[in-house]
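Dropping input10.cif in here (mmCIF, C-alpha atoms; chains and numbers go by the auth columns):
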```cif
data_start
loop_
_atom_site.group_PDB
_atom_site.id
_atom_site.type_symbol
_atom_site.label_atom_id
_atom_site.label_comp_id
_atom_site.label_asym_id
_atom_site.label_seq_id
_atom_site.Cartn_x
_atom_site.Cartn_y
_atom_site.Cartn_z
_atom_site.B_iso_or_equiv
_atom_site.auth_seq_id
_atom_site.auth_asym_id
ATOM 1 C CA ALA A 1 -4.486 21.618 -7.460 0.00 1 V
ATOM 2 C CA LYS A 2 -6.102 23.820 -4.872 0.00 2 V
ATOM 3 C CA GLU A 3 -7.123 22.133 -1.632 0.00 3 V
ATOM 4 C CA GLY A 4 -10.803 21.962 -2.592 0.00 4 V
ATOM 5 C CA ASP A 5 -10.096 20.646 -6.115 0.00 5 V
ATOM 6 C CA ARG A 6 -8.373 17.401 -5.177 0.00 6 V
ATOM 7 C CA THR A 7 -11.300 14.983 -5.449 0.00 7 V
ATOM 8 C CA ALA A 8 -9.828 12.972 -8.339 0.00 8 V
ATOM 9 C CA THR A 9 -6.390 12.993 -6.740 0.00 9 V
ATOM 10 C CA GLN A 10 -7.875 11.717 -3.481 0.00 10 V
ATOM 11 C CA GLY A 11 -9.888 9.041 -5.275 0.00 11 V
ATOM 12 C CA LEU A 12 -6.808 7.791 -7.109 0.00 12 V
ATOM 13 C CA LEU A 13 -4.856 7.859 -3.856 0.00 13 V
ATOM 14 C CA TRP A 14 -7.368 5.578 -2.121 0.00 14 V
ATOM 15 C CA LEU A 15 -7.479 3.274 -5.133 0.00 15 V
ATOM 16 C CA LYS A 16 -3.666 3.127 -5.045 0.00 16 V
ATOM 17 C CA ARG A 17 -3.692 2.319 -1.340 0.00 17 V
ATOM 18 C CA GLY A 18 -6.229 -0.460 -1.841 0.00 18 V
ATOM 19 C CA LEU A 19 -4.208 -1.932 -4.685 0.00 19 V
ATOM 20 C CA GLU A 20 -1.081 -1.778 -2.504 0.00 20 V
ATOM 21 C CA LEU A 21 -2.931 -3.849 0.081 0.00 21 V
ATOM 22 C CA THR A 22 -3.967 -6.360 -2.592 0.00 22 V
ATOM 23 C CA ALA A 23 -0.492 -6.638 -4.141 0.00 23 V
ATOM 24 C CA MET A 24 1.237 -7.038 -0.796 0.00 24 V
ATOM 25 C CA ALA A 25 -1.275 -9.590 0.508 0.00 25 V
ATOM 26 C CA LEU A 26 -1.195 -11.758 -2.613 0.00 26 V
ATOM 27 C CA LYS A 27 2.590 -11.669 -2.842 0.00 27 V
ATOM 28 C CA ARG A 28 2.850 -12.582 0.825 0.00 28 V
ATOM 29 C CA SER A 29 0.359 -15.415 0.332 0.00 29 V
ATOM 30 C CA LEU A 30 2.326 -16.803 -2.607 0.00 30 V
ATOM 31 C CA GLU A 31 5.618 -16.604 -0.720 0.00 31 V
ATOM 32 C CA ASN A 32 4.254 -18.048 2.562 0.00 32 V
ATOM 33 C CA GLN A 33 2.131 -20.983 1.533 0.00 33 V
ATOM 34 C CA LYS A 34 1.607 -22.152 5.117 0.00 34 V
ATOM 35 C CA GLU A 35 -0.015 -18.821 6.009 0.00 35 V
ATOM 36 C CA THR A 36 -3.788 -18.394 5.794 0.00 36 V
ATOM 37 C CA LEU A 37 -5.212 -15.756 3.469 0.00 37 V
ATOM 38 C CA SER A 38 -6.560 -13.973 6.500 0.00 38 V
ATOM 39 C CA GLU A 39 -3.048 -13.734 7.946 0.00 39 V
ATOM 40 C CA SER A 40 -1.598 -12.521 4.633 0.00 40 V
ATOM 41 C CA PHE A 41 -4.261 -9.843 4.211 0.00 41 V
ATOM 42 C CA THR A 42 -4.094 -8.773 7.857 0.00 42 V
ATOM 43 C CA GLU A 43 -0.322 -8.308 7.701 0.00 43 V
ATOM 44 C CA ALA A 44 -0.671 -6.365 4.443 0.00 44 V
ATOM 45 C CA TYR A 45 -3.435 -4.240 5.994 0.00 45 V
ATOM 46 C CA ASN A 46 -1.206 -3.462 8.963 0.00 46 V
ATOM 47 C CA LYS A 47 1.510 -2.191 6.611 0.00 47 V
ATOM 48 C CA THR A 48 -0.702 -0.284 4.163 0.00 48 V
ATOM 49 C CA LEU A 49 -4.150 0.952 5.180 0.00 49 V
ATOM 50 C CA LYS A 50 -4.277 0.626 8.959 0.00 50 V
ATOM 51 C CA GLN A 51 -2.462 3.917 9.545 0.00 51 V
ATOM 52 C CA TYR A 52 -5.238 5.807 7.719 0.00 52 V
ATOM 53 C CA HIS A 53 -8.181 4.209 9.519 0.00 53 V
ATOM 54 C CA GLY A 54 -9.860 5.024 12.769 0.00 54 V
ATOM 55 C CA PHE A 55 -10.782 2.623 15.541 0.00 55 V
ATOM 56 C CA ILE A 56 -14.115 1.508 14.074 0.00 56 V
ATOM 57 C CA VAL A 57 -12.792 0.786 10.564 0.00 57 V
ATOM 58 C CA LYS A 58 -9.854 -1.144 12.033 0.00 58 V
ATOM 59 C CA LYS A 59 -12.279 -3.334 13.972 0.00 59 V
ATOM 60 C CA MET A 60 -14.473 -3.784 10.883 0.00 60 V
ATOM 61 C CA PHE A 61 -11.458 -5.010 8.921 0.00 61 V
ATOM 62 C CA GLY A 62 -10.808 -7.606 11.614 0.00 62 V
ATOM 63 C CA VAL A 63 -14.409 -8.797 11.372 0.00 63 V
ATOM 64 C CA ALA A 64 -14.185 -8.919 7.561 0.00 64 V
ATOM 65 C CA MET A 65 -11.138 -11.179 7.813 0.00 65 V
ATOM 66 C CA MET A 66 -13.300 -13.766 9.551 0.00 66 V
ATOM 67 C CA ALA A 67 -15.130 -14.170 6.219 0.00 67 V
ATOM 68 C CA CYS A 68 -11.904 -14.610 4.241 0.00 68 V
ATOM 69 C CA PRO A 69 -11.911 -17.896 2.293 0.00 69 V
ATOM 70 C CA ASP A 70 -9.339 -20.577 2.940 0.00 70 V
ATOM 71 C CA ARG A 71 -6.341 -20.809 0.606 0.00 71 V
ATOM 72 C CA GLU A 72 -7.558 -23.892 -1.245 0.00 72 V
ATOM 73 C CA THR A 73 -10.953 -22.394 -2.096 0.00 73 V
ATOM 74 C CA PHE A 74 -9.466 -19.035 -3.121 0.00 74 V
ATOM 75 C CA TYR A 75 -6.765 -20.438 -5.381 0.00 75 V
ATOM 76 C CA LYS A 76 -9.137 -22.917 -7.030 0.00 76 V
ATOM 77 C CA LYS A 77 -11.453 -20.046 -7.960 0.00 77 V
ATOM 78 C CA ILE A 78 -8.690 -17.964 -9.546 0.00 78 V
ATOM 79 C CA GLY A 79 -7.105 -20.689 -11.648 0.00 79 V
ATOM 80 C CA GLY A 80 -5.952 -23.519 -9.476 0.00 80 V
ATOM 81 C CA ASP A 81 -3.581 -24.178 -6.643 0.00 81 V
ATOM 82 C CA ASN A 82 -0.630 -25.206 -8.778 0.00 82 V
ATOM 83 C CA GLU A 83 2.760 -23.864 -9.788 0.00 83 V
ATOM 84 C CA GLY A 84 1.576 -22.531 -13.167 0.00 84 V
ATOM 85 C CA ALA A 85 -1.271 -20.557 -11.632 0.00 85 V
ATOM 86 C CA HIS A 86 1.008 -19.237 -8.893 0.00 86 V
ATOM 87 C CA GLU A 87 3.576 -18.105 -11.475 0.00 87 V
ATOM 88 C CA GLN A 88 0.888 -16.256 -13.443 0.00 88 V
ATOM 89 C CA LEU A 89 -0.471 -14.605 -10.305 0.00 89 V
ATOM 90 C CA LEU A 90 3.019 -13.607 -9.198 0.00 90 V
ATOM 91 C CA ALA A 91 3.661 -12.072 -12.636 0.00 91 V
ATOM 92 C CA TRP A 92 0.387 -10.127 -12.301 0.00 92 V
ATOM 93 C CA VAL A 93 1.279 -8.960 -8.786 0.00 93 V
ATOM 94 C CA ASN A 94 4.734 -7.850 -9.929 0.00 94 V
ATOM 95 C CA ALA A 95 3.218 -5.930 -12.860 0.00 95 V
ATOM 96 C CA LEU A 96 0.728 -4.286 -10.495 0.00 96 V
ATOM 97 C CA GLN A 97 3.574 -3.347 -8.158 0.00 97 V
ATOM 98 C CA GLY A 98 5.388 -1.717 -11.075 0.00 98 V
ATOM 99 C CA LEU A 99 2.338 0.447 -11.798 0.00 99 V
ATOM 100 C CA LEU A 100 2.025 1.306 -8.115 0.00 100 V
ATOM 101 C CA ASN A 101 5.672 2.357 -8.057 0.00 101 V
ATOM 102 C CA GLU A 102 4.937 4.785 -10.911 0.00 102 V
ATOM 103 C CA LEU A 103 1.949 6.187 -9.011 0.00 103 V
ATOM 104 C CA ASN A 104 4.093 6.576 -5.889 0.00 104 V
ATOM 105 C CA ILE A 105 6.612 8.608 -7.887 0.00 105 V
ATOM 106 C CA PHE A 106 3.782 10.794 -9.204 0.00 106 V
ATOM 107 C CA TYR A 107 2.348 11.383 -5.723 0.00 107 V
ATOM 108 C CA ALA A 108 5.767 12.112 -4.229 0.00 108 V
ATOM 109 C CA SER A 109 6.658 14.553 -7.021 0.00 109 V
ATOM 110 C CA GLY A 110 3.716 16.801 -6.185 0.00 110 V
ATOM 111 C CA ALA A 111 3.264 15.930 -2.511 0.00 111 V
ATOM 112 C CA PHE A 112 -0.280 15.002 -3.509 0.00 112 V
ATOM 113 C CA ASP A 113 -0.730 12.587 -0.626 0.00 113 V
ATOM 114 C CA LYS A 114 0.200 15.020 2.126 0.00 114 V
ATOM 115 C CA GLY A 115 -2.500 15.357 4.717 0.00 115 V
ATOM 116 C CA LEU A 116 -4.744 12.715 3.145 0.00 116 V
#
```
Structure translated into structure tokens:
Amino acid sequence: AKEGDRTATQGLLWLKRGLELTAMALKRSLENQKETLSESFTEAYNKTLKQYHGFIVKKMFGVAMMACPDRETFYKKIGGDNEGAHEQLLAWVNALQGLLNELNIFYASGAFDKGL
């Protein structure tokens, strides 16, 4: 696609990046049950989206993490804080990661994420 015709490609790229944050944060949370959700999401943010954000957005993310629910509340709302619910969520996260891997191959094959 020409430089000016990449709107859909850019939109998908940002969706992919956001889903990478979500997958990494949830997997980290499931694997590190002593860690707060805020810590899991902050570490995932640092490894995924932070590099694309400017100073103000980085600070806004930090403020948003102050509103992050505690683990118990979050897991109760998505199906319970038990082994069965964790196994289902981990299966979902792994499936999401598989889709993200396919998108990463697509973006790498055409260098669609260069300069974005």
Residue nearest Phe74 of chain V among V:Phe112, V:His86, V:Asn104, V:Leu96 (counting all atoms listed in the file)
V:His86
Of the residues V:Leu26, V:Leu21, V:Val63, V:Leu12, which is the one nearest to Asn46 of chain V, using only C-alpha atoms?
V:Leu21
Work out how far atom CA of Gly84 of chain V is from atom CA of Gln33 of chain V, in Å to one decimal.
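If I compute the distance from atom CA of Gln33 of chain V to atom CA of Gly84 of chain V, I get 14.8 Å.
Between Lys114 of chain V and the residues V:Thr48, V:Thr9, V:Asn94, V:Thr73, the shortest atom-to-atom distance, using only C-alpha atoms, involves V:Thr9.
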Residues in the PyMOL selection byres ((chain V and resi 25) around 8), expressed as a list in words
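With the shown file as input, the PyMOL selection byres ((chain V and resi 25) around 8) matches Leu21, Thr22, Ala23, Met24, Leu26, Lys27, Arg28, Ser29, Leu37, Ser40, Phe41, Thr42, Glu43, Ala44 and Tyr45 of chain V.
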Closest of V:Glu102, V:Glu31, V:Glu39, V:Glu20 to Cys68 of chain V - atom-to-atom distances counting all atoms listed in the file:
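For Cys68 of chain V, the nearest of the candidates is V:Glu39.
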